[in-house]
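The structure file structure.pdb is reproduced below (PDB, C-alpha atoms).
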```
ATOM      1  CA  MET A 232     -23.724  47.297  -0.717
ATOM      2  CA  LEU A 233     -20.809  49.169   0.823
ATOM      3  CA  GLU A 234     -19.936  52.527  -0.646
ATOM      4  CA  GLU A 235     -16.814  52.553  -2.806
ATOM      5  CA  THR A 236     -14.930  54.508  -0.127
ATOM      6  CA  MET A 237     -14.332  51.226   1.707
ATOM      7  CA  GLN A 238     -13.485  47.711   0.606
ATOM      8  CA  ILE A 239     -13.990  44.755   2.865
ATOM      9  CA  LYS A 240     -12.768  41.189   2.815
ATOM     10  CA  PHE A 241     -13.624  38.495   5.271
ATOM     11  CA  SER A 242     -12.388  34.999   5.787
ATOM     12  CA  PRO A 243     -12.848  32.301   8.409
ATOM     13  CA  VAL A 244     -10.008  31.530  10.801
ATOM     14  CA  PRO A 245      -9.825  27.706  10.551
ATOM     15  CA  GLU A 246      -8.039  27.126  13.846
ATOM     16  CA  ILE A 247     -10.637  29.060  15.892
ATOM     17  CA  PRO A 248     -14.291  27.974  15.634
ATOM     18  CA  ASP A 249     -16.784  30.730  14.720
ATOM     19  CA  CYS A 250     -13.950  33.247  14.190
ATOM     20  CA  PHE A 251     -13.551  35.481  11.158
ATOM     21  CA  LEU A 252     -10.981  37.992   9.998
ATOM     22  CA  LEU A 253     -12.468  41.173   8.545
ATOM     23  CA  ALA A 254     -10.051  43.377   6.574
ATOM     24  CA  LEU A 255     -11.145  46.968   5.964
ATOM     25  CA  LYS A 256      -9.509  49.184   3.347
ATOM     26  CA  GLY A 257     -10.272  52.849   2.718
ATOM     27  CA  ASP A 258     -12.570  55.071   4.771
ATOM     28  CA  LEU A 259     -15.177  54.107   7.377
ATOM     29  CA  ASP A 260     -17.588  56.992   7.723
ATOM     30  CA  SER A 261     -21.232  58.029   7.623
ATOM     31  CA  PHE A 262     -21.527  56.892   4.007
ATOM     32  CA  ASN A 263     -20.900  53.210   4.772
ATOM     33  CA  ALA A 264     -21.107  52.635   8.547
ATOM     34  CA  GLN A 265     -24.659  51.225   8.413
ATOM     35  CA  ASP A 266     -23.692  48.932   5.544
ATOM     36  CA  LEU A 267     -20.807  47.557   7.613
ATOM     37  CA  ILE A 268     -23.157  46.856  10.529
ATOM     38  CA  LYS A 269     -25.556  45.021   8.200
ATOM     39  CA  PHE A 270     -22.663  43.067   6.669
ATOM     40  CA  VAL A 271     -21.462  41.884  10.088
ATOM     41  CA  GLN A 272     -25.011  41.102  11.270
ATOM     42  CA  ASN A 273     -25.421  38.937   8.176
ATOM     43  CA  MET A 274     -22.146  37.125   8.983
ATOM     44  CA  PHE A 275     -23.430  36.622  12.519
ATOM     45  CA  GLU A 276     -26.757  35.190  11.375
ATOM     46  CA  LYS A 277     -25.661  33.156   8.329
ATOM     47  CA  ASP A 278     -22.022  32.231   8.936
ATOM     48  CA  GLY A 279     -22.073  31.615  12.684
ATOM     49  CA  LEU A 280     -19.791  34.553  13.462
ATOM     50  CA  LEU A 281     -19.013  34.783  17.176
ATOM     51  CA  HIS A 282     -15.423  36.098  17.239
ATOM     52  CA  LEU A 283     -14.245  38.857  14.937
ATOM     53  CA  VAL A 284     -10.800  40.312  14.348
ATOM     54  CA  ALA A 285     -10.994  43.520  12.337
ATOM     55  CA  ASP A 286      -7.793  44.330  10.462
ATOM     56  CA  PHE A 287      -7.519  48.129  10.315
ATOM     57  CA  SER A 288      -4.012  48.177   8.809
ATOM     58  CA  GLU A 289      -5.384  49.501   5.492
ATOM     59  CA  LEU A 290      -8.172  51.618   6.982
ATOM     60  CA  ARG A 291      -7.185  55.147   6.009
ATOM     61  CA  TYR A 292      -9.852  57.126   7.896
ATOM     62  CA  ILE A 293     -12.619  56.714  10.443
ATOM     63  CA  ASN A 294     -15.043  59.319  11.765
ATOM     64  CA  SER A 295     -17.379  59.259  14.753
ATOM     65  CA  THR A 296     -20.125  57.505  12.790
ATOM     66  CA  GLY A 297     -17.715  54.797  11.687
ATOM     67  CA  LEU A 298     -16.452  54.415  15.237
ATOM     68  CA  GLY A 299     -20.047  54.154  16.445
ATOM     69  CA  ALA A 300     -20.558  51.270  14.018
ATOM     70  CA  ILE A 301     -17.445  49.526  15.379
ATOM     71  CA  LEU A 302     -18.665  49.951  18.966
ATOM     72  CA  ARG A 303     -22.095  48.609  18.014
ATOM     73  CA  ILE A 304     -20.525  45.534  16.372
ATOM     74  CA  SER A 305     -18.347  44.969  19.446
ATOM     75  CA  LYS A 306     -21.359  45.238  21.766
ATOM     76  CA  MET A 307     -23.369  42.816  19.614
ATOM     77  CA  LEU A 308     -20.637  40.165  19.727
ATOM     78  CA  LEU A 309     -19.884  40.616  23.425
ATOM     79  CA  SER A 310     -23.583  40.313  24.290
ATOM     80  CA  LYS A 311     -23.547  36.844  22.654
ATOM     81  CA  LYS A 312     -20.441  35.763  24.614
ATOM     82  CA  GLY A 313     -18.246  36.417  21.594
ATOM     83  CA  SER A 314     -15.270  38.715  21.161
ATOM     84  CA  PHE A 315     -14.095  41.573  19.005
ATOM     85  CA  GLY A 316     -10.608  42.922  18.421
ATOM     86  CA  ILE A 317      -8.951  45.487  16.204
ATOM     87  CA  VAL A 318      -5.558  45.027  14.581
ATOM     88  CA  GLY A 319      -3.070  47.639  13.402
ATOM     89  CA  PRO A 320      -4.915  50.958  13.242
ATOM     90  CA  ASN A 321      -2.790  53.752  11.801
ATOM     91  CA  GLU A 322      -1.975  56.815  13.887
ATOM     92  CA  ASN A 323      -4.920  58.885  12.616
ATOM     93  CA  VAL A 324      -7.470  56.114  13.140
ATOM     94  CA  PHE A 325      -6.107  55.333  16.604
ATOM     95  CA  GLU A 326      -6.293  59.026  17.515
ATOM     96  CA  VAL A 327     -10.033  59.102  16.753
ATOM     97  CA  ILE A 328     -10.524  55.936  18.820
ATOM     98  CA  GLU A 329      -8.505  57.422  21.682
ATOM     99  CA  ILE A 330     -10.087  60.902  21.658
ATOM    100  CA  VAL A 331     -13.522  59.488  22.438
ATOM    101  CA  GLY A 332     -12.124  56.989  24.940
ATOM    102  CA  ALA A 333     -13.094  53.954  22.884
ATOM    103  CA  ASN A 334      -9.613  52.513  23.394
ATOM    104  CA  ARG A 335     -10.822  51.601  26.905
ATOM    105  CA  LEU A 336     -13.763  49.674  25.407
ATOM    106  CA  LEU A 337     -12.054  47.954  22.482
ATOM    107  CA  LYS A 338      -9.263  45.406  22.400
ATOM    108  CA  ILE A 339      -6.564  46.746  20.083
ATOM    109  CA  TYR A 340      -3.625  44.633  18.944
ATOM    110  CA  GLU A 341      -0.525  45.374  16.915
ATOM    111  CA  THR A 342      -0.644  42.168  14.845
ATOM    112  CA  LYS A 343      -3.204  39.629  13.632
ATOM    113  CA  GLU A 344      -1.174  36.888  15.284
ATOM    114  CA  GLU A 345      -1.393  38.627  18.662
ATOM    115  CA  ALA A 346      -5.169  39.069  18.297
ATOM    116  CA  LEU A 347      -5.746  35.474  17.242
ATOM    117  CA  GLU A 348      -3.514  34.149  20.033
ATOM    118  CA  SER A 349      -5.650  36.040  22.573
ATOM    119  CA  LEU A 350      -8.704  34.162  21.310
ATOM    120  CA  LYS A 351      -7.053  30.783  21.760
ATOM    121  CA  SER A 352      -6.441  31.276  25.465
TER     122      SER A 352
END
```

So that I can check it, write out the structure of this file as structure tokens.
Amino acid sequence: MLEETMQIKFSPVPEIPDCFLLALKGDLDSFNAQDLIKFVQNMFEKDGLLHLVADFSELRYINSTGLGAILRISKMLLSKKGSFGIVGPNENVFEVIEIVGANRLLKIYETKEEALESLKS
């Protein structure tokens, strides 16, 4: 199970088939990155996950291992014709994403509504 440094909640988005909202709270780092990947793979296999919006508004910290997990999840979904977006990263989290250039690979939105609207079109 995920280390206590991060809490995660997920819920289906009723108006978009195969779409889930994943809310992360705490720190995403080398202690729990693999657990997050396994969690999302399980959602993919058992819940029919195809589109994922990850709410980072309460994610306090991410390191390169955590970012690697996010990129791996994004690649997995995109390879299955799905989509992945991030919502509301704080300044520190966005800086890590930007420093490694991952902001060019990931769709980042300011609000959940904006992210979900992009999936409808």

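Going from atom CA of A:Gln238 over to atom CA of A:Glu329, you cover 23.7 Å.
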
Practice problem: List the residues selected by the PyMOL selection byres ((chain A and resi 250) around 9) in the file shown, writing them as JSON, numbers by chain. | Solution: {"A": [242, 243, 244, 245, 246, 247, 248, 249, 251, 252, 279, 280, 281, 282, 283, 284, 314, 350]}

Exercise. Run through the PyMOL selection byres ((chain A and resi 342) around 12) on the given coordinates and return the selected residues as a ChimeraX atom specification.
Key: /A:284-288,316-320,338-341,343-349

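We find atom CA of A:Leu290 and atom CA of A:Phe270 to be spaced 16.8 Å apart.
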
Quiz item: Can you list, as number ranges by chain, the residues that the PyMOL selection byres ((chain A and resi 297) around 9) selects here?
Solution: A: 258-265, 267, 293-296, 298-302

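Ranking A:Val331, A:Phe241, A:Glu289, A:Phe275 by their shortest atom-to-atom distance to A:Lys256, with all atoms listed in the file included, puts A:Glu289 first.
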
Quiz item: Hey, can you check how far atom CA of A:Asp266 sits from atom CA of A:Phe325?
Solution: 21.7 Å

Practice problem: Go through A:Lys269, A:Lys351, A:Lys306, A:Lys312 and flag the residue nearest A:Leu336, using only C-alpha atoms for the distances. | Solution: A:Lys306

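Among the candidates A:Ala333, A:Leu253, A:Met237, A:Val327, the one nearest to A:Val271 when counting all atoms listed in the file is A:Leu253.
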
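The shortest atom-to-atom distance to A:Ile304, with only C-alpha atoms taken into account, belongs to A:Gln272 out of A:Arg335, A:Lys277, A:Asn321, A:Gln272.
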
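Nearest residue to A:Leu308 among A:Ile268, A:Leu255, A:Ile330, A:Val324 is A:Ile268, counting all atoms listed in the file.
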